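Trainee: Here you go, coords-v8.cif (mmCIF, C-alpha atoms and all ligand atoms):
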data_my_file
loop_
_atom_site.label_atom_id
_atom_site.label_comp_id
_atom_site.auth_asym_id
_atom_site.auth_seq_id
_atom_site.Cartn_x
_atom_site.Cartn_y
_atom_site.Cartn_z
CA MET R 1 44.44 14.54 190.00
CA MET R 2 47.07 16.88 191.33
CA THR R 3 47.72 19.98 189.24
CA SER R 4 51.26 21.21 189.36
CA ASN R 5 51.56 24.27 187.19
CA ASN R 6 53.33 26.17 189.91
CA SER R 7 55.92 23.53 190.67
CA LYS R 8 59.54 24.56 190.33
CA PHE R 9 62.49 22.21 190.08
CA GLU R 10 66.09 23.07 190.87
CA GLN R 11 69.57 22.06 189.77
CA HIS R 12 72.71 24.05 190.65
CA GLY R 13 70.42 26.76 191.97
CA VAL R 14 68.74 27.11 188.55
CA SER R 15 65.01 26.66 188.76
CA HIS R 16 62.68 25.48 186.06
CA SER R 17 58.92 25.37 185.58
CA PRO R 18 57.86 22.47 183.38
CA VAL R 19 56.03 23.65 180.26
CA MET R 20 52.29 22.83 179.89
CA VAL R 21 52.56 20.50 182.86
CA ASP R 22 48.81 20.27 183.50
CA GLU R 23 48.13 19.43 179.84
CA ILE R 24 50.89 16.80 179.90
CA VAL R 25 49.52 15.23 183.09
CA GLU R 26 46.02 15.22 181.62
CA CYS R 27 47.34 13.53 178.52
CA PHE R 28 48.37 10.44 180.47
CA ALA R 29 45.05 10.16 182.36
CA THR R 30 43.73 7.29 180.27
CA VAL R 31 46.87 5.34 179.44
CA PRO R 32 47.12 1.75 180.67
CA SER R 33 48.98 1.07 183.92
CA GLY R 34 52.70 0.57 183.52
CA LEU R 35 55.82 2.40 182.44
CA VAL R 36 55.92 5.86 180.88
CA VAL R 37 59.22 6.86 179.28
CA ASP R 38 60.22 10.46 179.86
CA ALA R 39 62.76 10.69 177.05
CA THR R 40 63.97 14.15 178.11
CA PHE R 41 64.07 13.98 181.89
CA GLY R 42 65.87 17.30 182.55
CA LEU R 43 64.97 18.39 186.07
CA GLY R 44 62.16 15.86 186.17
CA GLY R 45 59.32 18.35 186.43
CA HIS R 46 56.99 16.50 184.10
CA ALA R 47 58.02 13.06 185.38
CA VAL R 48 57.29 13.93 189.00
CA ALA R 49 53.96 15.52 188.08
CA ILE R 50 52.94 12.34 186.23
CA LEU R 51 54.02 10.13 189.15
CA ASN R 52 52.17 12.32 191.66
CA ALA R 53 48.98 12.23 189.61
CA TYR R 54 48.86 8.51 188.77
CA PRO R 55 49.83 5.85 191.34
CA ASN R 56 49.44 3.17 188.62
CA LEU R 57 52.31 4.59 186.54
CA GLN R 58 56.09 4.33 186.81
CA VAL R 59 58.53 6.51 184.92
CA LEU R 60 61.80 5.70 183.19
CA GLY R 61 63.65 8.98 182.72
CA LEU R 62 66.26 9.31 179.97
CA ASP R 63 68.76 12.11 179.56
CA GLN R 64 72.12 12.39 177.85
CA ASP R 65 73.31 15.08 180.25
CA ALA R 66 75.43 13.87 183.18
CA ASP R 67 74.19 16.72 185.39
CA ALA R 68 70.53 15.85 184.76
CA ILE R 69 71.13 12.22 185.69
CA ALA R 70 73.16 13.10 188.80
CA ASN R 71 70.37 15.41 189.88
CA ALA R 72 67.75 12.69 189.24
CA GLU R 73 69.69 10.13 191.28
CA LYS R 74 69.87 12.61 194.15
CA MET R 75 66.13 13.28 193.88
CA ILE R 76 65.38 9.56 194.03
CA ALA R 77 67.75 8.98 196.97
CA GLU R 78 66.15 11.82 198.94
CA ASP R 79 62.51 11.03 198.21
CA PRO R 80 61.19 7.63 199.27
CA THR R 81 57.97 8.19 197.29
CA LEU R 82 60.02 8.10 194.07
CA GLN R 83 61.94 4.96 194.96
CA GLY R 84 60.72 1.96 192.99
CA ARG R 85 58.63 4.23 190.73
CA LEU R 86 61.26 6.39 189.04
CA SER R 87 64.44 5.11 187.42
CA VAL R 88 66.84 6.96 185.14
CA ARG R 89 69.35 6.14 182.39
CA ARG R 90 72.00 8.31 180.81
CA ILE R 91 71.45 7.73 177.10
CA ARG R 92 70.54 9.61 173.95
CA PHE R 93 66.86 9.00 173.35
CA ASP R 94 67.30 7.41 169.93
CA ALA R 95 68.62 4.38 171.85
CA LEU R 96 65.17 3.95 173.39
CA ASP R 97 64.48 0.57 171.83
CA GLU R 98 67.86 -0.79 172.97
CA VAL R 99 67.19 0.30 176.54
CA LEU R 100 63.72 -1.23 176.58
CA GLU R 101 65.12 -4.46 175.19
CA GLU R 102 67.88 -4.47 177.79
CA MET R 103 65.25 -4.00 180.51
CA SER R 104 63.04 -6.72 178.93
CA VAL R 105 60.19 -4.21 178.57
CA ASN R 106 57.95 -5.14 175.63
CA GLN R 107 55.38 -2.40 175.91
CA ILE R 108 55.17 1.01 177.51
CA SER R 109 52.14 3.03 178.59
CA GLY R 110 53.42 6.05 176.75
CA ALA R 111 56.27 8.45 176.22
CA LEU R 112 57.00 12.12 176.60
CA PHE R 113 59.50 14.22 174.66
CA ASP R 114 60.06 17.78 175.92
CA LEU R 115 62.56 18.75 173.27
CA GLY R 116 65.44 21.18 173.39
CA VAL R 117 67.58 22.50 176.19
CA SER R 118 66.86 22.61 179.89
CA SER R 119 67.02 25.71 182.05
CA PRO R 120 70.31 24.68 183.71
CA GLN R 121 71.92 24.04 180.31
CA LEU R 122 70.87 27.50 179.17
CA ASP R 123 71.54 29.37 182.38
CA ILE R 124 74.93 27.93 183.35
CA ALA R 125 77.43 30.01 181.34
CA GLU R 126 80.09 27.26 181.22
CA ARG R 127 77.77 25.02 179.20
CA GLY R 128 78.16 27.51 176.35
CA PHE R 129 74.53 27.53 175.15
CA SER R 130 73.74 31.14 175.90
CA TYR R 131 74.36 34.23 173.81
CA ARG R 132 73.59 36.32 176.88
CA GLN R 133 76.44 35.08 179.07
CA ASP R 134 80.14 34.68 178.38
CA GLY R 135 81.22 31.06 178.18
CA PRO R 136 83.24 28.59 176.12
CA LEU R 137 81.79 27.50 172.77
CA ASP R 138 80.47 24.16 173.96
CA MET R 139 76.67 23.50 173.62
CA ARG R 140 77.01 19.74 174.11
CA MET R 141 74.05 18.25 175.98
CA ASP R 142 76.09 15.06 176.34
CA GLN R 143 79.44 16.06 177.83
CA ARG R 144 81.01 12.88 176.34
CA SER R 145 80.39 13.95 172.74
CA GLU R 146 83.37 14.85 170.60
CA LEU R 147 81.66 17.54 168.54
CA SER R 148 81.25 20.89 170.27
CA ALA R 149 80.15 24.32 169.07
CA ALA R 150 83.83 25.29 168.80
CA ASN R 151 84.31 22.63 166.10
CA VAL R 152 81.24 23.74 164.15
CA VAL R 153 82.11 27.43 164.37
CA ASN R 154 85.83 27.13 163.64
CA GLU R 155 86.08 24.11 161.35
CA TYR R 156 82.99 23.81 159.14
CA GLU R 157 83.12 25.07 155.54
CA GLU R 158 81.33 28.37 154.98
CA THR R 159 78.65 26.81 152.73
CA GLU R 160 77.93 24.03 155.24
CA LEU R 161 77.69 26.57 158.04
CA ALA R 162 75.27 28.68 156.00
CA GLN R 163 73.11 25.62 155.27
CA ILE R 164 72.97 24.68 158.94
CA ILE R 165 72.05 28.19 160.04
CA SER R 166 69.36 28.43 157.39
CA ARG R 167 67.94 24.90 157.78
CA ASN R 168 68.00 24.65 161.57
CA ALA R 169 66.70 28.11 162.37
CA ASP R 170 65.11 29.62 159.24
CA GLU R 171 67.66 32.47 159.50
CA ARG R 172 67.34 34.61 156.39
CA PHE R 173 70.81 36.12 156.81
CA ALA R 174 72.48 32.71 157.08
CA ARG R 175 74.97 33.31 154.27
CA ARG R 176 76.10 36.67 155.62
CA ILE R 177 76.45 35.23 159.11
CA ALA R 178 78.42 32.21 157.89
CA LYS R 179 80.79 34.49 155.94
CA ALA R 180 81.30 36.72 158.99
CA ILE R 181 81.99 33.71 161.23
CA VAL R 182 84.59 32.32 158.84
CA GLY R 183 86.21 35.77 158.58
CA ALA R 184 86.41 36.17 162.36
CA ARG R 185 88.02 32.78 163.14
CA PRO R 186 89.22 31.72 165.63
CA ILE R 187 86.14 32.30 167.78
CA ASN R 188 86.40 30.81 171.26
CA THR R 189 83.61 32.31 173.35
CA THR R 190 79.85 32.71 173.19
CA THR R 191 80.16 36.47 173.57
CA HIS R 192 82.56 36.77 170.64
CA LEU R 193 80.31 34.60 168.48
CA ALA R 194 77.26 36.68 169.43
CA GLU R 195 79.10 39.89 168.50
CA VAL R 196 80.12 38.51 165.10
CA ILE R 197 76.53 37.40 164.37
CA VAL R 198 74.99 40.71 165.43
CA ALA R 199 77.45 42.67 163.28
CA ALA R 200 76.61 40.50 160.24
CA ILE R 201 72.88 41.26 160.40
CA PRO R 202 71.70 44.53 158.78
CA ALA R 203 70.87 47.14 161.43
CA PRO R 204 67.10 47.42 160.74
CA ALA R 205 66.69 43.62 161.00
CA ARG R 206 68.55 43.59 164.34
CA ARG R 207 65.70 45.48 165.93
CA THR R 208 63.03 42.85 165.24
CA GLY R 209 62.39 39.26 166.34
CA GLY R 210 64.26 39.07 169.64
CA HIS R 211 68.04 38.86 170.13
CA PRO R 212 69.73 38.82 166.70
CA ALA R 213 72.03 35.91 167.69
CA LYS R 214 69.20 33.71 168.97
CA ARG R 215 68.48 31.80 165.76
CA THR R 216 72.12 31.15 164.89
CA PHE R 217 72.85 29.86 168.40
CA GLN R 218 69.84 27.56 168.10
CA ALA R 219 71.05 26.31 164.71
CA ILE R 220 74.55 25.53 165.99
CA ARG R 221 73.16 23.80 169.08
CA ILE R 222 70.93 21.59 166.91
CA GLU R 223 73.94 20.64 164.78
CA VAL R 224 76.15 19.90 167.80
CA ASN R 225 73.54 17.61 169.33
CA LYS R 226 72.24 16.17 166.02
CA GLU R 227 68.78 17.03 167.34
CA LEU R 228 66.81 16.78 164.11
CA GLU R 229 68.67 13.77 162.74
CA ILE R 230 67.77 11.51 165.67
CA LEU R 231 64.24 12.67 166.40
CA GLU R 232 62.39 10.58 163.82
CA ARG R 233 64.00 7.32 164.88
CA ALA R 234 63.26 8.04 168.54
CA LEU R 235 59.62 8.91 167.88
CA GLN R 236 59.12 5.78 165.84
CA ALA R 237 60.67 3.65 168.57
CA ALA R 238 58.34 5.25 171.13
CA ILE R 239 55.27 4.75 168.94
CA ASN R 240 56.19 1.13 168.26
CA ALA R 241 56.71 0.38 171.94
CA THR R 242 53.50 2.05 173.11
CA ALA R 243 50.62 -0.22 174.15
CA PRO R 244 47.06 0.22 172.83
CA ALA R 245 45.45 3.28 174.45
CA GLY R 246 48.91 4.54 175.34
CA ARG R 247 50.11 7.97 174.23
CA VAL R 248 53.17 9.68 172.88
CA ALA R 249 53.30 13.38 173.73
CA VAL R 250 55.83 15.78 172.25
CA LEU R 251 56.56 19.39 173.17
CA THR R 252 58.37 21.20 170.36
CA TYR R 253 59.89 24.67 170.43
CA HIS R 254 60.78 25.49 166.82
CA SER R 255 59.62 24.80 163.30
CA GLY R 256 62.31 22.19 162.47
CA GLU R 257 61.23 19.91 165.33
CA ASN R 258 57.60 20.62 164.78
CA ARG R 259 57.72 19.63 161.10
CA ILE R 260 59.31 16.27 161.96
CA VAL R 261 56.82 15.44 164.71
CA LYS R 262 53.87 16.43 162.55
CA ARG R 263 55.10 14.27 159.66
CA VAL R 264 55.99 11.22 161.76
CA PHE R 265 52.61 11.35 163.53
CA ALA R 266 50.73 11.81 160.24
CA GLU R 267 52.63 8.91 158.65
CA SER R 268 51.85 6.72 161.64
CA GLU R 269 48.21 7.55 161.33
CA ARG R 270 48.13 6.72 157.62
CA ASP R 271 50.18 3.61 158.13
CA GLU R 272 47.80 0.64 158.31
CA THR R 273 49.08 -0.18 161.77
CA VAL R 274 47.51 0.24 165.13
CA THR R 275 48.22 3.91 165.64
CA LYS R 276 45.82 6.74 165.54
CA ALA R 277 46.56 10.39 166.18
CA ALA R 278 44.31 12.03 168.73
CA SER R 279 44.06 15.05 170.91
CA PRO R 280 44.61 14.51 174.62
CA PHE R 281 41.84 16.95 175.27
CA VAL R 282 39.03 14.94 173.71
CA HIS R 283 40.04 11.51 174.91
CA GLU R 284 36.53 10.79 176.14
CA SER R 285 35.26 11.27 172.60
CA GLN R 286 34.66 8.31 170.34
CA ASN R 287 33.97 10.49 167.31
CA SER R 288 36.75 9.74 164.87
CA ASP R 289 35.99 12.75 162.64
CA ARG R 290 36.59 15.07 165.53
CA LEU R 291 39.71 13.22 166.53
CA THR R 292 41.08 13.35 163.01
CA GLN R 293 40.61 17.09 162.92
CA ARG R 294 42.23 17.53 166.30
CA VAL R 295 45.49 15.98 165.22
CA ARG R 296 46.21 18.91 162.93
CA ALA R 297 45.78 21.45 165.65
CA ALA R 298 48.67 21.46 168.04
CA LYS R 299 47.93 22.72 171.53
CA TYR R 300 49.63 25.88 172.80
CA PRO R 301 50.32 27.06 176.35
CA SER R 302 47.78 29.44 177.85
CA SER R 303 48.57 33.14 177.50
CA LYS R 304 49.05 33.23 181.28
CA GLU R 305 51.72 30.53 181.09
CA GLN R 306 53.38 32.27 178.16
CA THR R 307 53.62 35.43 180.23
CA ILE R 308 55.13 33.82 183.31
CA ASN R 309 57.34 31.20 181.68
CA ARG R 310 59.70 32.48 178.97
CA ARG R 311 60.36 28.94 177.68
CA ALA R 312 56.66 28.29 177.13
CA LYS R 313 56.29 31.04 174.52
CA SER R 314 57.16 28.95 171.49
CA ALA R 315 55.90 25.58 172.80
CA ARG R 316 53.48 23.31 170.94
CA LEU R 317 52.11 20.05 172.23
CA ARG R 318 51.35 17.20 169.83
CA VAL R 319 49.95 13.89 170.99
CA LEU R 320 49.52 10.54 169.33
CA GLU R 321 47.24 7.95 170.82
CA LYS R 322 47.69 4.34 169.93
CA THR R 323 44.46 2.48 169.41
CA LEU R 324 43.50 -0.97 168.21
CA VAL R 325 42.11 -1.01 164.69
CA GLY R 326 38.47 -1.97 164.92
CA ALA R 327 38.25 -1.08 168.60
CA GLY R 328 35.35 1.23 167.83
CA ASN R 329 37.38 4.45 167.71
C1 LIG G 401 63.58 20.80 177.92
S1 LIG G 401 64.54 19.82 178.93
C2 LIG G 401 63.39 18.77 179.71
C3 LIG G 401 62.79 19.36 180.94
C4 LIG G 401 61.93 18.37 181.68
N1 LIG G 401 60.74 18.02 180.95
C5 LIG G 401 61.56 18.89 183.05
O1 LIG G 401 60.36 19.01 183.36
O2 LIG G 401 62.46 19.20 183.82
C6 LIG G 401 65.28 18.74 177.81
C7 LIG G 401 66.22 17.73 178.43
O3 LIG G 401 66.31 16.67 177.51
C8 LIG G 401 67.63 16.31 177.33
N2 LIG G 401 67.77 15.87 175.96
C9 LIG G 401 67.58 16.59 174.84
N3 LIG G 401 67.77 15.83 173.75
C10 LIG G 401 68.06 14.59 174.21
C11 LIG G 401 68.36 13.35 173.58
N4 LIG G 401 68.43 13.26 172.26
N5 LIG G 401 68.59 12.28 174.34
C12 LIG G 401 68.54 12.36 175.70
N6 LIG G 401 68.29 13.51 176.36
C13 LIG G 401 68.06 14.62 175.62
C14 LIG G 401 68.45 17.55 177.62
O4 LIG G 401 69.75 17.17 178.07
C15 LIG G 401 67.61 18.22 178.69
O5 LIG G 401 68.04 17.86 179.96
#
As structure tokens, how would this structure be written, given the file I've shared?
Ligand SMILES: C[S@@+](CC[C@H](N)C(=O)[O-])C[C@H]1O[C@@H](n2cnc3c(N)ncnc32)[C@H](O)[C@@H]1O
Mentor:
Amino acid sequence: MMTSNNSKFEQHGVSHSPVMVDEIVECFATVPSGLVVDATFGLGGHAVAILNAYPNLQVLGLDQDADAIANAEKMIAEDPTLQGRLSVRRIRFDALDEVLEEMSVNQISGALFDLGVSSPQLDIAERGFSYRQDGPLDMRMDQRSELSAANVVNEYEETELAQIISRNADERFARRIAKAIVGARPINTTTHLAEVIVAAIPAPARRTGGHPAKRTFQAIRIEVNKELEILERALQAAINATAPAGRVAVLTYHSGENRIVKRVFAESERDETVTKAASPFVHESQNSDRLTQRVRAAKYPSSKEQTINRRAKSARLRVLEKTLVGAGN
């Protein structure tokens, strides 16, 4: 099996190291031959690592971002080893079941969700995701969407804004920030928004927990892209479509996502269906007590990876293995 922790992928000169790539590759070691859905293709780092490691697997990459899909099509055109093994679709991942139906695919070998934004989305100022660079208030992963950060920031009621900031990012100063935003309207740039947020947070609190605007930017981004609303449906579609012994792996980056994945996986496990949560790291084990315990413990990136890859810091990997009831597991 090829390990690929040092691989870097590029789009518009922005490079990206896929998070926990060796653990993700390892996770698909025992899945049945066939199609793995990479629901968040991005720069394709995980997808290519999976394809390189397992000649018996193909990957269908999904992404709602036009740039990600254009980049993927270029990758495929330039690399004959990907042709016939990697295909991509520009869709939001909660349309997974429709796409599979359209392609007449009844079962998949597994699915991967690497949630959140990609490095190009964050690093290209014009996309408006970053509080560190000046750009328009955009934050749309899907450039066709009508709702942008400018709408949320300039048009939402103060109470709704406060709820979003609190719920999507656990920001304890949500009400103060929402009030400051409403008072500063119109706000048209990321820099202006960041300044308003920073000024709304009491000075001592500004010095702890990273950039003071980080959580509010995350909360607005989640609202713009409806990230939490669509996650459950997409996970359930992936679990339903996954064949016995297949796996659904999810990388989360904040508590809101993590809570949903944990709950959906736990419900699947309790549900008298054919799913069973398992750790990818004990797949050789047949001891169900151990497996049951492992589902509660998410896996984290190594401290080395956390040091060299900023995005990896807050990552957690959760995996659900589908197994036949009565198959001895
Ligand atoms: C963290 S990046 C994925 C990086 C990828 N694993 C790699 O190795 O390059 C997340 C990607 O998923 C896409 N994405 C996020 N939510 C999505 C959704 N609901 N539907 C489709 N694509 C989504 C984003 O546009 C972004 O390109």
Trainee: Do you know which residues lie at most 10 Å from (60.5, 28.6, 174.7), with coordinates as in the file and all atoms listed in the file counted, and could you write them as a JSON list (two decimals) with C-alpha atoms, keeping the file's coordinate frame?
Mentor:
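The result, stored in part_21.json:
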[["chain", "number", "residue", "atom", "x", "y", "z"],
["R", 19, "VAL", "CA", 56.03, 23.65, 180.26],
["R", 116, "GLY", "CA", 65.44, 21.18, 173.39],
["R", 117, "VAL", "CA", 67.58, 22.50, 176.19],
["R", 252, "THR", "CA", 58.37, 21.20, 170.36],
["R", 253, "TYR", "CA", 59.89, 24.67, 170.43],
["R", 254, "HIS", "CA", 60.78, 25.49, 166.82],
["R", 306, "GLN", "CA", 53.38, 32.27, 178.16],
["R", 309, "ASN", "CA", 57.34, 31.20, 181.68],
["R", 310, "ARG", "CA", 59.70, 32.48, 178.97],
["R", 311, "ARG", "CA", 60.36, 28.94, 177.68],
["R", 312, "ALA", "CA", 56.66, 28.29, 177.13],
["R", 313, "LYS", "CA", 56.29, 31.04, 174.52],
["R", 314, "SER", "CA", 57.16, 28.95, 171.49],
["R", 315, "ALA", "CA", 55.90, 25.58, 172.80],
["R", 316, "ARG", "CA", 53.48, 23.31, 170.94]]
Trainee: Per residue of chain R within 7 Å of ligand LIG 401 (chain G), what are the shortest atom pair and its distance in Å to one decimal, counting only C-alpha atoms and all ligand atoms, with rows by chain and residue number, as JSON lines?
Mentor:
{"residue": "R:Phe9", "atom": "CA", "partner": "G:LIG401", "partner_atom": "O2", "distance": 6.9}
{"residue": "R:His16", "atom": "CA", "partner": "G:LIG401", "partner_atom": "O2", "distance": 6.7}
{"residue": "R:Ser17", "atom": "CA", "partner": "G:LIG401", "partner_atom": "O1", "distance": 6.9}
{"residue": "R:Pro18", "atom": "CA", "partner": "G:LIG401", "partner_atom": "O1", "distance": 4.3}
{"residue": "R:Ala39", "atom": "CA", "partner": "G:LIG401", "partner_atom": "C12", "distance": 6.2}
{"residue": "R:Thr40", "atom": "CA", "partner": "G:LIG401", "partner_atom": "O3", "distance": 3.5}
{"residue": "R:Phe41", "atom": "CA", "partner": "G:LIG401", "partner_atom": "C4", "distance": 4.9}
{"residue": "R:Gly42", "atom": "CA", "partner": "G:LIG401", "partner_atom": "O5", "distance": 3.4}
{"residue": "R:Leu43", "atom": "CA", "partner": "G:LIG401", "partner_atom": "O2", "distance": 3.5}
{"residue": "R:Gly44", "atom": "CA", "partner": "G:LIG401", "partner_atom": "O2", "distance": 4.1}
{"residue": "R:Gly45", "atom": "CA", "partner": "G:LIG401", "partner_atom": "O1", "distance": 3.3}
{"residue": "R:His46", "atom": "CA", "partner": "G:LIG401", "partner_atom": "O1", "distance": 4.3}
{"residue": "R:Ala47", "atom": "CA", "partner": "G:LIG401", "partner_atom": "O1", "distance": 6.7}
{"residue": "R:Leu62", "atom": "CA", "partner": "G:LIG401", "partner_atom": "C12", "distance": 5.7}
{"residue": "R:Asp63", "atom": "CA", "partner": "G:LIG401", "partner_atom": "N6", "distance": 3.5}
{"residue": "R:Gln64", "atom": "CA", "partner": "G:LIG401", "partner_atom": "C12", "distance": 4.2}
{"residue": "R:Asp65", "atom": "CA", "partner": "G:LIG401", "partner_atom": "O4", "distance": 4.7}
{"residue": "R:Ala68", "atom": "CA", "partner": "G:LIG401", "partner_atom": "O5", "distance": 5.8}
{"residue": "R:Ile91", "atom": "CA", "partner": "G:LIG401", "partner_atom": "C12", "distance": 5.6}
{"residue": "R:Arg92", "atom": "CA", "partner": "G:LIG401", "partner_atom": "N5", "distance": 3.3}
{"residue": "R:Phe93", "atom": "CA", "partner": "G:LIG401", "partner_atom": "N5", "distance": 3.8}
{"residue": "R:Asp94", "atom": "CA", "partner": "G:LIG401", "partner_atom": "N4", "distance": 6.4}
{"residue": "R:Asp114", "atom": "CA", "partner": "G:LIG401", "partner_atom": "C1", "distance": 5.1}
{"residue": "R:Leu115", "atom": "CA", "partner": "G:LIG401", "partner_atom": "C1", "distance": 5.2}
{"residue": "R:Gly116", "atom": "CA", "partner": "G:LIG401", "partner_atom": "C1", "distance": 4.9}
{"residue": "R:Val117", "atom": "CA", "partner": "G:LIG401", "partner_atom": "C1", "distance": 4.7}
{"residue": "R:Ser118", "atom": "CA", "partner": "G:LIG401", "partner_atom": "S1", "distance": 3.8}
{"residue": "R:Met141", "atom": "CA", "partner": "G:LIG401", "partner_atom": "O4", "distance": 4.9}
{"residue": "R:Asp142", "atom": "CA", "partner": "G:LIG401", "partner_atom": "O4", "distance": 6.9}
{"residue": "R:Glu227", "atom": "CA", "partner": "G:LIG401", "partner_atom": "N4", "distance": 6.2}
{"residue": "R:Ile230", "atom": "CA", "partner": "G:LIG401", "partner_atom": "N4", "distance": 6.9}
Trainee: Can I get the selected residues back with C-alpha atoms, as a PDB file, in the frame of the given file?
Mentor:
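Result written to out.pdb:
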ATOM      1  CA  PHE R   9      62.490  22.210 190.080  1.00  0.00           C
ATOM      2  CA  HIS R  16      62.680  25.480 186.060  1.00  0.00           C
ATOM      3  CA  SER R  17      58.920  25.370 185.580  1.00  0.00           C
ATOM      4  CA  PRO R  18      57.860  22.470 183.380  1.00  0.00           C
ATOM      5  CA  ALA R  39      62.760  10.690 177.050  1.00  0.00           C
ATOM      6  CA  THR R  40      63.970  14.150 178.110  1.00  0.00           C
ATOM      7  CA  PHE R  41      64.070  13.980 181.890  1.00  0.00           C
ATOM      8  CA  GLY R  42      65.870  17.300 182.550  1.00  0.00           C
ATOM      9  CA  LEU R  43      64.970  18.390 186.070  1.00  0.00           C
ATOM     10  CA  GLY R  44      62.160  15.860 186.170  1.00  0.00           C
ATOM     11  CA  GLY R  45      59.320  18.350 186.430  1.00  0.00           C
ATOM     12  CA  HIS R  46      56.990  16.500 184.100  1.00  0.00           C
ATOM     13  CA  ALA R  47      58.020  13.060 185.380  1.00  0.00           C
ATOM     14  CA  LEU R  62      66.260   9.310 179.970  1.00  0.00           C
ATOM     15  CA  ASP R  63      68.760  12.110 179.560  1.00  0.00           C
ATOM     16  CA  GLN R  64      72.120  12.390 177.850  1.00  0.00           C
ATOM     17  CA  ASP R  65      73.310  15.080 180.250  1.00  0.00           C
ATOM     18  CA  ALA R  68      70.530  15.850 184.760  1.00  0.00           C
ATOM     19  CA  ILE R  91      71.450   7.730 177.100  1.00  0.00           C
ATOM     20  CA  ARG R  92      70.540   9.610 173.950  1.00  0.00           C
ATOM     21  CA  PHE R  93      66.860   9.000 173.350  1.00  0.00           C
ATOM     22  CA  ASP R  94      67.300   7.410 169.930  1.00  0.00           C
ATOM     23  CA  ASP R 114      60.060  17.780 175.920  1.00  0.00           C
ATOM     24  CA  LEU R 115      62.560  18.750 173.270  1.00  0.00           C
ATOM     25  CA  GLY R 116      65.440  21.180 173.390  1.00  0.00           C
ATOM     26  CA  VAL R 117      67.580  22.500 176.190  1.00  0.00           C
ATOM     27  CA  SER R 118      66.860  22.610 179.890  1.00  0.00           C
ATOM     28  CA  MET R 141      74.050  18.250 175.980  1.00  0.00           C
ATOM     29  CA  ASP R 142      76.090  15.060 176.340  1.00  0.00           C
ATOM     30  CA  GLU R 227      68.780  17.030 167.340  1.00  0.00           C
ATOM     31  CA  ILE R 230      67.770  11.510 165.670  1.00  0.00           C
TER      32      ILE R 230
END
Trainee: If I take atom CA of R:Glu155 and atom CA of R:Arg127, how far is one from the other in Å, to one decimal?
Mentor: 19.7 Å
Trainee: Please report the interatomic distance between atom CA of R:Glu269 and atom CA of R:Leu235 in Å with one decimal.
Mentor: 13.2 Å
Trainee: Of the candidates R:Glu171, R:Leu317, R:Phe28, R:Asn151, which shows the shortest atom-to-atom distance to R:Ala205, using only C-alpha atoms?
Mentor: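 Closest candidate: R:Glu171.
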Trainee: Skip stretch 157-159 of chain R itself and residues of its chain fewer than 2 positions away, then list as a ChimeraX atom specification all residues within 9 Å of it, counting all atoms listed in the file.
Mentor: /R:152,154-155,161-164,175,178-179,181-182
Trainee: Please produce a file of the residues just selected, as a PDB file, keeping the file's coordinate frame, where the atoms kept are C-alpha atoms.
Mentor:
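Result file is selection_24.pdb:
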ATOM      1  CA  VAL R 152      81.240  23.740 164.150  1.00  0.00           C
ATOM      2  CA  ASN R 154      85.830  27.130 163.640  1.00  0.00           C
ATOM      3  CA  GLU R 155      86.080  24.110 161.350  1.00  0.00           C
ATOM      4  CA  LEU R 161      77.690  26.570 158.040  1.00  0.00           C
ATOM      5  CA  ALA R 162      75.270  28.680 156.000  1.00  0.00           C
ATOM      6  CA  GLN R 163      73.110  25.620 155.270  1.00  0.00           C
ATOM      7  CA  ILE R 164      72.970  24.680 158.940  1.00  0.00           C
ATOM      8  CA  ARG R 175      74.970  33.310 154.270  1.00  0.00           C
ATOM      9  CA  ALA R 178      78.420  32.210 157.890  1.00  0.00           C
ATOM     10  CA  LYS R 179      80.790  34.490 155.940  1.00  0.00           C
ATOM     11  CA  ILE R 181      81.990  33.710 161.230  1.00  0.00           C
ATOM     12  CA  VAL R 182      84.590  32.320 158.840  1.00  0.00           C
TER      13      VAL R 182
END
Trainee: Measuring atom to atom with all atoms listed in the file, identify which of R:Val248, R:Ala49, R:Ala70, R:Leu60 is nearest to R:Leu35.
Mentor: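 The answer is R:Leu60, which sits nearest to R:Leu35.
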Trainee: Just how far from atom CA of R:Ala194 is atom CA of R:Arg132, in Å to one decimal?
Mentor: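 Taking atom CA of R:Arg132 and atom CA of R:Ala194, their separation equals 8.3 Å.
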